[in-house]
$ cat run_26.cif   # mmCIF, C-alpha atoms and all ligand atoms
data_query
loop_
_atom_site.group_PDB
_atom_site.id
_atom_site.type_symbol
_atom_site.label_atom_id
_atom_site.label_comp_id
_atom_site.auth_asym_id
_atom_site.auth_seq_id
_atom_site.Cartn_x
_atom_site.Cartn_y
_atom_site.Cartn_z
ATOM 1 C CA MET A 60 0.309 13.648 -13.087
ATOM 2 C CA THR A 61 -1.599 12.338 -16.071
ATOM 3 C CA LYS A 62 -5.320 12.049 -15.704
ATOM 4 C CA LEU A 63 -6.552 8.554 -15.081
ATOM 5 C CA THR A 64 -9.760 6.780 -14.303
ATOM 6 C CA ALA A 65 -10.429 4.955 -11.068
ATOM 7 C CA ARG A 66 -13.488 3.090 -9.873
ATOM 8 C CA PHE A 67 -14.375 0.898 -6.928
ATOM 9 C CA VAL A 68 -15.011 -2.668 -8.087
ATOM 10 C CA THR A 69 -15.733 -4.901 -5.122
ATOM 11 C CA SER A 70 -14.750 -5.810 -1.595
ATOM 12 C CA ALA A 71 -14.194 -9.191 -0.016
ATOM 13 C CA ALA A 72 -14.317 -10.593 3.483
ATOM 14 C CA GLN A 73 -13.490 -14.157 2.439
ATOM 15 C CA PRO A 74 -11.715 -15.873 -0.475
ATOM 16 C CA SER A 75 -14.973 -16.905 -2.150
ATOM 17 C CA ASP A 76 -15.699 -13.160 -2.607
ATOM 18 C CA PHE A 77 -12.470 -12.499 -4.505
ATOM 19 C CA PRO A 78 -13.087 -11.546 -8.142
ATOM 20 C CA PRO A 79 -11.543 -13.940 -10.664
ATOM 21 C CA PRO A 80 -7.910 -12.924 -11.293
ATOM 22 C CA SER A 81 -7.596 -10.736 -14.395
ATOM 23 C CA TRP A 82 -5.555 -7.513 -14.534
ATOM 24 C CA PRO A 83 -2.406 -7.246 -12.411
ATOM 25 C CA GLU A 84 -3.034 -6.260 -8.804
ATOM 26 C CA VAL A 85 -0.958 -4.029 -6.548
ATOM 27 C CA ALA A 86 -1.840 -4.535 -2.886
ATOM 28 C CA ILE A 87 -1.731 -1.576 -0.492
ATOM 29 C CA VAL A 88 -0.928 -3.040 2.898
ATOM 30 C CA GLY A 89 -0.634 -1.444 6.298
ATOM 31 C CA ARG A 90 -1.959 -1.340 9.808
ATOM 32 C CA SER A 91 -5.317 0.163 10.585
ATOM 33 C CA ASN A 92 -5.299 3.984 10.363
ATOM 34 C CA VAL A 93 -1.917 4.157 8.562
ATOM 35 C CA GLY A 94 -3.510 6.146 5.719
ATOM 36 C CA LYS A 95 -4.265 3.484 3.055
ATOM 37 C CA SER A 96 -7.561 4.983 1.905
ATOM 38 C CA SER A 97 -6.227 8.552 1.974
ATOM 39 C CA LEU A 98 -3.265 7.586 -0.199
ATOM 40 C CA ILE A 99 -5.412 5.739 -2.722
ATOM 41 C CA ASN A 100 -7.561 8.858 -3.014
ATOM 42 C CA ALA A 101 -4.472 11.064 -3.350
ATOM 43 C CA LEU A 102 -2.922 8.761 -5.953
ATOM 44 C CA VAL A 103 -5.963 8.792 -8.180
ATOM 45 C CA GLY A 104 -6.975 12.377 -7.373
ATOM 46 C CA LYS A 105 -10.458 11.393 -6.226
ATOM 47 C CA PRO A 106 -11.131 12.456 -2.648
ATOM 48 C CA GLY A 107 -14.143 10.210 -2.070
ATOM 49 C CA LEU A 108 -13.099 6.996 -3.825
ATOM 50 C CA ALA A 109 -11.851 5.124 -0.760
ATOM 51 C CA ARG A 110 -13.530 5.982 2.509
ATOM 52 C CA THR A 111 -11.246 7.524 5.096
ATOM 53 C CA SER A 112 -11.957 7.690 8.779
ATOM 54 C CA ARG A 113 -10.553 8.643 12.143
ATOM 55 C CA THR A 114 -12.058 5.383 13.357
ATOM 56 C CA PRO A 115 -9.514 2.613 12.815
ATOM 57 C CA GLY A 116 -10.748 -0.364 10.857
ATOM 58 C CA ARG A 117 -12.664 1.434 8.131
ATOM 59 C CA THR A 118 -11.026 -0.452 5.266
ATOM 60 C CA ARG A 119 -12.921 -3.744 4.951
ATOM 61 C CA LEU A 120 -10.621 -6.716 4.563
ATOM 62 C CA LEU A 121 -9.979 -6.316 0.836
ATOM 63 C CA ASN A 122 -11.151 -3.607 -1.586
ATOM 64 C CA TRP A 123 -10.492 -3.647 -5.346
ATOM 65 C CA PHE A 124 -10.152 -0.400 -7.325
ATOM 66 C CA ALA A 125 -9.763 -0.514 -11.113
ATOM 67 C CA ILE A 126 -7.171 1.993 -12.349
ATOM 68 C CA ASP A 127 -7.370 3.091 -15.992
ATOM 69 C CA GLU A 128 -9.054 -0.241 -16.720
ATOM 70 C CA ARG A 129 -5.542 -1.695 -16.738
ATOM 71 C CA PHE A 130 -4.718 -2.812 -13.205
ATOM 72 C CA PHE A 131 -6.211 -3.018 -9.728
ATOM 73 C CA LEU A 132 -5.159 -1.344 -6.542
ATOM 74 C CA VAL A 133 -6.224 -3.627 -3.712
ATOM 75 C CA ALA A 134 -6.492 -2.042 -0.278
ATOM 76 C CA THR A 135 -6.019 -4.619 2.450
ATOM 77 C CA ARG A 136 -6.182 -4.428 6.205
ATOM 78 C CA ASP A 137 -3.707 -5.897 8.661
ATOM 79 C CA ALA A 138 -1.573 -8.055 6.391
ATOM 80 C CA TRP A 139 -0.767 -10.404 9.212
ATOM 81 C CA ARG A 140 -4.331 -11.691 9.363
ATOM 82 C CA PRO A 141 -4.807 -15.166 7.888
ATOM 83 C CA LEU A 142 -7.156 -14.038 5.111
ATOM 84 C CA ILE A 143 -4.823 -11.306 3.885
ATOM 85 C CA GLU A 144 -1.857 -13.611 4.233
ATOM 86 C CA SER A 145 -3.558 -16.187 2.044
ATOM 87 C CA TYR A 146 -4.481 -13.462 -0.478
ATOM 88 C CA LEU A 147 -0.888 -12.185 -0.576
ATOM 89 C CA GLY A 148 0.581 -15.670 -0.663
ATOM 90 C CA GLU A 149 -1.692 -17.231 -3.251
ATOM 91 C CA ARG A 150 -3.145 -14.598 -5.534
ATOM 92 C CA SER A 151 -1.923 -15.417 -9.042
ATOM 93 C CA SER A 152 -2.539 -11.912 -10.417
ATOM 94 C CA LEU A 153 -0.709 -10.111 -7.594
ATOM 95 C CA ALA A 154 2.157 -8.138 -9.137
ATOM 96 C CA GLY A 155 3.494 -6.391 -6.060
ATOM 97 C CA VAL A 156 2.906 -4.954 -2.617
ATOM 98 C CA VAL A 157 3.080 -1.412 -1.258
ATOM 99 C CA LEU A 158 3.694 -1.531 2.501
ATOM 100 C CA LEU A 159 2.667 1.629 4.343
ATOM 101 C CA ILE A 160 4.144 2.480 7.728
ATOM 102 C CA ASP A 161 3.188 5.511 9.825
ATOM 103 C CA ILE A 162 6.341 7.643 9.932
ATOM 104 C CA ARG A 163 5.794 8.411 13.605
ATOM 105 C CA ARG A 164 5.498 4.746 14.559
ATOM 106 C CA GLY A 165 8.236 3.307 12.401
ATOM 107 C CA ALA A 166 8.646 -0.399 11.616
ATOM 108 C CA GLN A 167 7.450 -2.651 14.417
ATOM 109 C CA ASP A 168 7.244 -6.406 14.911
ATOM 110 C CA GLU A 169 4.551 -6.954 12.262
ATOM 111 C CA GLU A 170 6.488 -5.119 9.569
ATOM 112 C CA LEU A 171 9.780 -6.730 10.610
ATOM 113 C CA ASP A 172 8.176 -10.158 10.090
ATOM 114 C CA PHE A 173 6.242 -9.179 6.990
ATOM 115 C CA VAL A 174 9.110 -7.925 4.830
ATOM 116 C CA PRO A 175 11.142 -11.190 4.954
ATOM 117 C CA TRP A 176 7.891 -13.125 4.444
ATOM 118 C CA LEU A 177 7.378 -11.251 1.143
ATOM 119 C CA ALA A 178 11.043 -11.612 0.190
ATOM 120 C CA GLN A 179 10.809 -15.387 0.637
ATOM 121 C CA ARG A 180 7.992 -15.357 -1.891
ATOM 122 C CA GLU A 181 9.956 -13.091 -4.234
ATOM 123 C CA MET A 182 7.140 -10.583 -4.081
ATOM 124 C CA PRO A 183 8.121 -7.121 -5.395
ATOM 125 C CA LEU A 184 7.813 -4.617 -2.562
ATOM 126 C CA VAL A 185 7.704 -0.839 -2.212
ATOM 127 C CA VAL A 186 7.783 0.622 1.296
ATOM 128 C CA ALA A 187 6.399 4.095 2.018
ATOM 129 C CA LEU A 188 6.323 6.050 5.263
ATOM 130 C CA THR A 189 3.021 7.902 5.589
ATOM 131 C CA LYS A 190 1.820 11.146 7.219
ATOM 132 C CA ALA A 191 5.176 12.800 6.568
ATOM 133 C CA ASP A 192 3.568 16.209 7.092
ATOM 134 C CA LYS A 193 3.470 15.412 10.805
ATOM 135 C CA LEU A 194 7.270 15.527 11.104
ATOM 136 C CA ALA A 195 9.884 18.185 10.420
ATOM 137 C CA LYS A 196 11.951 17.610 7.298
ATOM 138 C CA HIS A 197 15.166 16.481 9.009
ATOM 139 C CA GLN A 198 13.176 14.015 11.129
ATOM 140 C CA ARG A 199 11.627 12.547 7.982
ATOM 141 C CA ARG A 200 15.055 11.714 6.619
ATOM 142 C CA LEU A 201 16.126 10.192 9.913
ATOM 143 C CA GLU A 202 13.021 8.006 10.019
ATOM 144 C CA ALA A 203 13.564 6.926 6.402
ATOM 145 C CA THR A 204 17.097 5.799 7.218
ATOM 146 C CA ARG A 205 15.953 4.090 10.378
ATOM 147 C CA ALA A 206 13.237 2.160 8.515
ATOM 148 C CA ARG A 207 15.657 1.140 5.762
ATOM 149 C CA GLN A 208 18.060 -0.266 8.322
ATOM 150 C CA ALA A 209 15.377 -1.958 10.437
ATOM 151 C CA LEU A 210 13.794 -3.643 7.402
ATOM 152 C CA GLY A 211 17.044 -4.356 5.558
ATOM 153 C CA LEU A 212 15.917 -2.442 2.458
ATOM 154 C CA ARG A 213 18.339 -1.602 -0.299
ATOM 155 C CA ARG A 214 17.080 1.980 -0.513
ATOM 156 C CA ASP A 215 15.353 4.434 1.770
ATOM 157 C CA PRO A 216 11.581 3.982 1.744
ATOM 158 C CA LEU A 217 9.439 6.594 0.014
ATOM 159 C CA VAL A 218 8.192 9.340 2.309
ATOM 160 C CA VAL A 219 4.686 10.473 1.473
ATOM 161 C CA SER A 220 1.760 12.533 2.634
ATOM 162 C CA ALA A 221 -1.832 12.420 1.515
ATOM 163 C CA THR A 222 -2.277 16.050 2.516
ATOM 164 C CA GLY A 223 -0.082 17.300 -0.340
ATOM 165 C CA GLU A 224 2.816 18.441 1.795
ATOM 166 C CA GLY A 225 5.628 16.957 3.799
ATOM 167 C CA GLY A 226 7.052 14.217 1.600
ATOM 168 C CA THR A 227 10.472 14.138 0.011
ATOM 169 C CA GLY A 228 9.379 13.428 -3.546
ATOM 170 C CA HIS A 229 10.565 15.359 -6.585
ATOM 171 C CA ASP A 230 7.072 16.692 -7.195
ATOM 172 C CA GLY A 231 7.764 19.311 -4.589
ATOM 173 C CA HIS A 232 6.488 17.863 -1.450
ATOM 174 C CA SER A 233 3.973 15.124 -1.097
ATOM 175 C CA GLY A 234 5.887 12.181 -2.599
ATOM 176 C CA ILE A 235 2.653 11.158 -4.327
ATOM 177 C CA ASP A 236 4.170 11.279 -7.816
ATOM 178 C CA ALA A 237 7.080 9.095 -6.718
ATOM 179 C CA LEU A 238 4.642 6.656 -5.131
ATOM 180 C CA TRP A 239 2.540 6.680 -8.267
ATOM 181 C CA ARG A 240 5.561 5.805 -10.410
ATOM 182 C CA ALA A 241 6.462 2.985 -8.034
ATOM 183 C CA VAL A 242 2.905 1.614 -8.161
ATOM 184 C CA ALA A 243 2.850 1.767 -11.967
ATOM 185 C CA GLN A 244 6.214 -0.010 -12.068
ATOM 186 C CA LEU A 245 4.835 -2.811 -9.888
ATOM 187 C CA ALA A 246 1.683 -3.056 -11.994
ATOM 188 C CA ILE A 247 3.609 -3.610 -15.217
ATOM 189 C CA SER A 248 5.990 -6.111 -13.623
ATOM 190 C CA LYS A 249 5.229 -9.698 -14.499
ATOM 191 C CA PRO A 250 2.756 -11.433 -12.157
ATOM 192 C CA ARG A 251 4.147 -14.505 -10.480
ATOM 193 C CA ALA A 252 3.144 -18.004 -11.406
ATOM 194 C CA PRO A 253 -0.084 -19.105 -9.679
ATOM 195 C CA GLY A 254 0.448 -20.446 -6.183
ATOM 196 C CA PRO A 255 -1.469 -23.254 -4.480
ATOM 197 C CA GLN A 256 -5.163 -22.420 -4.185
HETATM 198 N N1 LIG A 301 -1.811 14.546 8.696
HETATM 199 C C1 LIG A 301 -2.128 13.507 7.909
HETATM 200 N N2 LIG A 301 -3.189 12.733 8.221
HETATM 201 C C2 LIG A 301 -3.456 11.684 7.412
HETATM 202 C C3 LIG A 301 -2.680 11.374 6.264
HETATM 203 N N3 LIG A 301 -3.190 10.251 5.688
HETATM 204 C C4 LIG A 301 -4.259 9.911 6.432
HETATM 205 N N4 LIG A 301 -4.435 10.746 7.472
HETATM 206 C C5 LIG A 301 -5.497 10.690 8.494
HETATM 207 O O1 LIG A 301 -5.372 9.452 9.202
HETATM 208 C C6 LIG A 301 -6.660 8.881 9.464
HETATM 209 C C7 LIG A 301 -6.756 7.488 8.834
HETATM 210 O O2 LIG A 301 -6.651 7.604 7.422
HETATM 211 P P1 LIG A 301 -7.266 6.470 6.460
HETATM 212 O O3 LIG A 301 -6.828 6.825 5.077
HETATM 213 O O4 LIG A 301 -8.700 6.286 6.720
HETATM 214 O O5 LIG A 301 -6.437 5.215 6.993
HETATM 215 P P2 LIG A 301 -6.649 3.657 6.628
HETATM 216 O O6 LIG A 301 -5.297 3.034 6.641
HETATM 217 O O7 LIG A 301 -7.432 3.524 5.368
HETATM 218 O O8 LIG A 301 -7.466 3.181 7.891
HETATM 219 P P3 LIG A 301 -8.400 1.860 8.028
HETATM 220 O O9 LIG A 301 -9.256 1.786 6.813
HETATM 221 O O10 LIG A 301 -9.167 2.162 9.267
HETATM 222 O O11 LIG A 301 -7.493 0.685 8.181
HETATM 223 C C8 LIG A 301 -7.673 9.876 8.906
HETATM 224 O O12 LIG A 301 -8.086 10.714 9.955
HETATM 225 C C9 LIG A 301 -6.882 10.644 7.865
HETATM 226 O O13 LIG A 301 -7.364 11.945 7.635
HETATM 227 C C10 LIG A 301 -1.553 12.241 5.974
HETATM 228 O O14 LIG A 301 -0.799 12.047 5.010
HETATM 229 N N5 LIG A 301 -1.334 13.262 6.828
HETATM 230 MG MG MG A 302 -9.174 2.697 4.945
#

$ encode --input "run_26.cif" --output "structure tokens"
Amino acid sequence: MTKLTARFVTSAAQPSDFPPPSWPEVAIVGRSNVGKSSLINALVGKPGLARTSRTPGRTRLLNWFAIDERFFLVATRDAWRPLIESYLGERSSLAGVVLLIDIRRGAQDEELDFVPWLAQREMPLVVALTKADKLAKHQRRLEATRARQALGLRRDPLVVSATGEGGTGHDGHSGIDALWRAVAQLAISKPRAPGPQ
């Protein structure tokens, strides 16, 4: 992976705290404890950038990280909350969404509702199953197929692990490189037209 810079910019608990839209944003979305912060750290190769915790709810509602001074990764919590929904629905600089699902939980009601909600808005989406190291390899593939079918995806979701092992990516194991490429692809895709504010 090429070396890149990453820095925490700001966090927001309400829309008036959002920074003015500038660079494209890629939102990392997923239930509490799914591994959002761990994956952001793994993606940028900085263990302490986003705080990880065994205590669910560590990610404040929205956190902006500047990547290479070119785009933002935005970690969100519980997409189905009104604030996050309004961010995802209305943010003019949002280029795409990465939906994380714990591979041992699989897609549940929230994710089954969320994916069509994004599709309706023509929001580019990448789905990744997290904590792949917790399952045996053949189970990972089964879960990937199951999630694809449940969510009606065209391709199997990515299978990733923040621990550096257990994914199905070409980089050997963790899937982090594949996720990184998918994130970069989203970031360079054209942001949508501004929605209602
Ligand atoms: N085995 C394993 N554990 C992981 C992985 N990713 C995260 N974890 C663990 O899962 C717990 C939650 O990880 P976080 O990255 O803090 O999850 P989060 O989605 O940011 O959680 P909130 O901020 O609370 O919503 C921590 O104990 C992590 O060490 C992984 O790929 N494999
Ligand atoms: Mg977190």

$ resolve_selection --input "run_26.cif" --expression "the PyMOL selection byres (((chain A and resi 121-128) around 10) and not hetatm)" --output "ChimeraX atom specification"
/A:62-74,76-78,82,84-88,96,99,103,108-109,118-120,129-136,142-143,146

$ axis_aligned_box --input "run_26.cif" --around "ligand LIG 301 (chain A)" --padding-each-side "6 Å" --output "JSON"
{"center_x": -5.0, "center_y": 7.6, "center_z": 7.5, "size_x": 20.5, "size_y": 25.9, "size_z": 16.9}

$ residues_near_ligand --input "run_26.cif" --ligand "ligand LIG 301 (chain A)" --cutoff "6 Å" --atoms "all atoms listed in the file" --output "JSON, numbers by chain"
{"A": [91, 92, 93, 94, 95, 96, 97, 111, 112, 113, 114, 115, 116, 117, 118, 136, 189, 190, 192, 193, 220, 221, 222]}

$ write_last_selection --input "run_26.cif" --atoms "C-alpha atoms" --output "PDB file, keeping the file's coordinate frame"
ATOM      1  CA  SER A  91      -5.317   0.163  10.585  1.00  0.00           C
ATOM      2  CA  ASN A  92      -5.299   3.984  10.363  1.00  0.00           C
ATOM      3  CA  VAL A  93      -1.917   4.157   8.562  1.00  0.00           C
ATOM      4  CA  GLY A  94      -3.510   6.146   5.719  1.00  0.00           C
ATOM      5  CA  LYS A  95      -4.265   3.484   3.055  1.00  0.00           C
ATOM      6  CA  SER A  96      -7.561   4.983   1.905  1.00  0.00           C
ATOM      7  CA  SER A  97      -6.227   8.552   1.974  1.00  0.00           C
ATOM      8  CA  THR A 111     -11.246   7.524   5.096  1.00  0.00           C
ATOM      9  CA  SER A 112     -11.957   7.690   8.779  1.00  0.00           C
ATOM     10  CA  ARG A 113     -10.553   8.643  12.143  1.00  0.00           C
ATOM     11  CA  THR A 114     -12.058   5.383  13.357  1.00  0.00           C
ATOM     12  CA  PRO A 115      -9.514   2.613  12.815  1.00  0.00           C
ATOM     13  CA  GLY A 116     -10.748  -0.364  10.857  1.00  0.00           C
ATOM     14  CA  ARG A 117     -12.664   1.434   8.131  1.00  0.00           C
ATOM     15  CA  THR A 118     -11.026  -0.452   5.266  1.00  0.00           C
ATOM     16  CA  ARG A 136      -6.182  -4.428   6.205  1.00  0.00           C
ATOM     17  CA  THR A 189       3.021   7.902   5.589  1.00  0.00           C
ATOM     18  CA  LYS A 190       1.820  11.146   7.219  1.00  0.00           C
ATOM     19  CA  ASP A 192       3.568  16.209   7.092  1.00  0.00           C
ATOM     20  CA  LYS A 193       3.470  15.412  10.805  1.00  0.00           C
ATOM     21  CA  SER A 220       1.760  12.533   2.634  1.00  0.00           C
ATOM     22  CA  ALA A 221      -1.832  12.420   1.515  1.00  0.00           C
ATOM     23  CA  THR A 222      -2.277  16.050   2.516  1.00  0.00           C
TER      24      THR A 222
END

$ residues_around --input "run_26.cif" --residues "region 206-212 of chain A" --least-positions-apart "5" --cutoff "8 Å" --atoms "all atoms listed in the file" --output "ChimeraX atom specification"
/A:165-166,170-171,174

$ closest_residue --input "run_26.cif" --among "A:Leu188, A:Val218, A:Ala203, A:Ile247" --to "Ser152 (chain A)" --atoms "only C-alpha atoms"
A:Ile247

$ atom_distance --input "run_26.cif" --atom1 "CA of Asp215 (chain A)" --atom2 "CA of Val186 (chain A)"
8.5 Å

$ atom_distance --input "run_26.cif" --atom1 "CA of Ile235 (chain A)" --atom2 "CA of Met182 (chain A)"
22.2 Å

$ atom_distance --input "run_26.cif" --atom1 "CA of Arg90 (chain A)" --atom2 "CA of Arg164 (chain A)"
10.7 Å

$ closest_residue --input "run_26.cif" --among "A:Lys105, A:Arg110, A:Arg163, A:Arg180" --to "ligand MG 302 (chain A)" --atoms "all atoms listed in the file"
A:Arg110

$ closest_residue --input "run_26.cif" --among "A:Arg240, A:Arg205, A:Arg150, A:His197" --to "Ser81 (chain A)" --atoms "only C-alpha atoms"
A:Arg150

$ closest_residue --input "run_26.cif" --among "A:Leu98, A:Val156, A:Leu147, A:Val185" --to "ligand MG 302 (chain A)" --atoms "all atoms listed in the file"
A:Leu98

$ closest_residue --input "run_26.cif" --among "A:Leu238, A:Ala246, A:Ala178, A:Leu159" --to "ligand MG 302 (chain A)" --atoms "all atoms listed in the file"
A:Leu159

$ closest_residue --input "run_26.cif" --among "A:Pro183, A:Pro83, A:Pro216, A:Gly234" --to "Leu153 (chain A)" --atoms "all atoms listed in the file"
A:Pro83

$ decode --input "run_26.cif" --residues "region 212-222 of chain A" --atoms "all heavy atoms" --output "PDB file, in the first residue's frame"
ATOM      1  N   LEU A 212     -27.156  -7.833  -3.639  1.00  0.00           N
ATOM      2  CA  LEU A 212     -25.972  -7.190  -4.231  1.00  0.00           C
ATOM      3  C   LEU A 212     -25.610  -7.907  -5.524  1.00  0.00           C
ATOM      4  O   LEU A 212     -25.894  -9.086  -5.695  1.00  0.00           O
ATOM      5  CB  LEU A 212     -24.786  -7.264  -3.264  1.00  0.00           C
ATOM      6  CG  LEU A 212     -25.029  -6.724  -1.853  1.00  0.00           C
ATOM      7  CD1 LEU A 212     -23.796  -6.971  -0.991  1.00  0.00           C
ATOM      8  CD2 LEU A 212     -25.375  -5.244  -1.896  1.00  0.00           C
ATOM      9  N   ARG A 213     -24.943  -7.175  -6.399  1.00  0.00           N
ATOM     10  CA  ARG A 213     -24.531  -7.797  -7.656  1.00  0.00           C
ATOM     11  C   ARG A 213     -23.322  -8.708  -7.457  1.00  0.00           C
ATOM     12  O   ARG A 213     -23.116  -9.657  -8.188  1.00  0.00           O
ATOM     13  CB  ARG A 213     -24.219  -6.738  -8.714  1.00  0.00           C
ATOM     14  CG  ARG A 213     -25.447  -6.421  -9.564  1.00  0.00           C
ATOM     15  CD  ARG A 213     -25.144  -5.344 -10.564  1.00  0.00           C
ATOM     16  NE  ARG A 213     -24.906  -4.073  -9.883  1.00  0.00           N
ATOM     17  CZ  ARG A 213     -24.403  -3.003 -10.475  1.00  0.00           C
ATOM     18  NH1 ARG A 213     -24.069  -3.056 -11.739  1.00  0.00           N
ATOM     19  NH2 ARG A 213     -24.256  -1.885  -9.806  1.00  0.00           N
ATOM     20  N   ARG A 214     -22.482  -8.357  -6.478  1.00  0.00           N
ATOM     21  CA  ARG A 214     -21.286  -9.156  -6.211  1.00  0.00           C
ATOM     22  C   ARG A 214     -21.207  -9.493  -4.723  1.00  0.00           C
ATOM     23  O   ARG A 214     -21.846  -8.837  -3.899  1.00  0.00           O
ATOM     24  CB  ARG A 214     -20.027  -8.372  -6.593  1.00  0.00           C
ATOM     25  CG  ARG A 214     -19.878  -8.228  -8.095  1.00  0.00           C
ATOM     26  CD  ARG A 214     -18.566  -7.561  -8.412  1.00  0.00           C
ATOM     27  NE  ARG A 214     -18.674  -6.112  -8.340  1.00  0.00           N
ATOM     28  CZ  ARG A 214     -17.635  -5.293  -8.283  1.00  0.00           C
ATOM     29  NH1 ARG A 214     -16.425  -5.758  -8.228  1.00  0.00           N
ATOM     30  NH2 ARG A 214     -17.815  -3.993  -8.250  1.00  0.00           N
ATOM     31  N   ASP A 215     -20.395 -10.480  -4.408  1.00  0.00           N
ATOM     32  CA  ASP A 215     -20.169 -10.779  -2.996  1.00  0.00           C
ATOM     33  C   ASP A 215     -19.577  -9.546  -2.316  1.00  0.00           C
ATOM     34  O   ASP A 215     -18.775  -8.828  -2.915  1.00  0.00           O
ATOM     35  CB  ASP A 215     -19.171 -11.938  -2.838  1.00  0.00           C
ATOM     36  CG  ASP A 215     -19.853 -13.296  -2.962  1.00  0.00           C
ATOM     37  OD1 ASP A 215     -21.078 -13.336  -3.182  1.00  0.00           O
ATOM     38  OD2 ASP A 215     -19.147 -14.303  -2.817  1.00  0.00           O
ATOM     39  N   PRO A 216     -19.946  -9.305  -1.060  1.00  0.00           N
ATOM     40  CA  PRO A 216     -19.313  -8.207  -0.333  1.00  0.00           C
ATOM     41  C   PRO A 216     -17.828  -8.505  -0.120  1.00  0.00           C
ATOM     42  O   PRO A 216     -17.410  -9.662  -0.208  1.00  0.00           O
ATOM     43  CB  PRO A 216     -20.050  -8.192   1.005  1.00  0.00           C
ATOM     44  CG  PRO A 216     -20.675  -9.528   1.139  1.00  0.00           C
ATOM     45  CD  PRO A 216     -20.925 -10.031  -0.251  1.00  0.00           C
ATOM     46  N   LEU A 217     -17.054  -7.469   0.172  1.00  0.00           N
ATOM     47  CA  LEU A 217     -15.669  -7.673   0.587  1.00  0.00           C
ATOM     48  C   LEU A 217     -15.682  -8.366   1.942  1.00  0.00           C
ATOM     49  O   LEU A 217     -16.653  -8.257   2.697  1.00  0.00           O
ATOM     50  CB  LEU A 217     -14.945  -6.332   0.690  1.00  0.00           C
ATOM     51  CG  LEU A 217     -14.838  -5.532  -0.610  1.00  0.00           C
ATOM     52  CD1 LEU A 217     -14.220  -4.167  -0.323  1.00  0.00           C
ATOM     53  CD2 LEU A 217     -14.006  -6.295  -1.628  1.00  0.00           C
ATOM     54  N   VAL A 218     -14.621  -9.082   2.225  1.00  0.00           N
ATOM     55  CA  VAL A 218     -14.488  -9.773   3.511  1.00  0.00           C
ATOM     56  C   VAL A 218     -13.167  -9.295   4.102  1.00  0.00           C
ATOM     57  O   VAL A 218     -12.121  -9.482   3.497  1.00  0.00           O
ATOM     58  CB  VAL A 218     -14.487 -11.298   3.304  1.00  0.00           C
ATOM     59  CG1 VAL A 218     -14.253 -12.013   4.622  1.00  0.00           C
ATOM     60  CG2 VAL A 218     -15.819 -11.747   2.689  1.00  0.00           C
ATOM     61  N   VAL A 219     -13.238  -8.640   5.246  1.00  0.00           N
ATOM     62  CA  VAL A 219     -12.049  -7.942   5.742  1.00  0.00           C
ATOM     63  C   VAL A 219     -11.792  -8.226   7.224  1.00  0.00           C
ATOM     64  O   VAL A 219     -12.681  -8.665   7.957  1.00  0.00           O
ATOM     65  CB  VAL A 219     -12.169  -6.408   5.559  1.00  0.00           C
ATOM     66  CG1 VAL A 219     -12.371  -6.054   4.101  1.00  0.00           C
ATOM     67  CG2 VAL A 219     -13.308  -5.848   6.395  1.00  0.00           C
ATOM     68  N   SER A 220     -10.575  -7.939   7.618  1.00  0.00           N
ATOM     69  CA  SER A 220     -10.218  -8.036   9.028  1.00  0.00           C
ATOM     70  C   SER A 220      -9.221  -6.952   9.368  1.00  0.00           C
ATOM     71  O   SER A 220      -8.264  -6.730   8.632  1.00  0.00           O
ATOM     72  CB  SER A 220      -9.605  -9.402   9.318  1.00  0.00           C
ATOM     73  OG  SER A 220      -9.057  -9.389  10.618  1.00  0.00           O
ATOM     74  N   ALA A 221      -9.457  -6.289  10.466  1.00  0.00           N
ATOM     75  CA  ALA A 221      -8.541  -5.238  10.905  1.00  0.00           C
ATOM     76  C   ALA A 221      -7.314  -5.823  11.587  1.00  0.00           C
ATOM     77  O   ALA A 221      -6.350  -5.113  11.852  1.00  0.00           O
ATOM     78  CB  ALA A 221      -9.262  -4.271  11.847  1.00  0.00           C
ATOM     79  N   THR A 222      -7.335  -7.112  11.858  1.00  0.00           N
ATOM     80  CA  THR A 222      -6.204  -7.725  12.560  1.00  0.00           C
ATOM     81  C   THR A 222      -5.098  -8.139  11.594  1.00  0.00           C
ATOM     82  O   THR A 222      -4.042  -8.580  12.030  1.00  0.00           O
ATOM     83  CB  THR A 222      -6.627  -8.992  13.326  1.00  0.00           C
ATOM     84  OG1 THR A 222      -7.063  -9.963  12.370  1.00  0.00           O
ATOM     85  CG2 THR A 222      -7.741  -8.704  14.305  1.00  0.00           C
TER      86      THR A 222
END
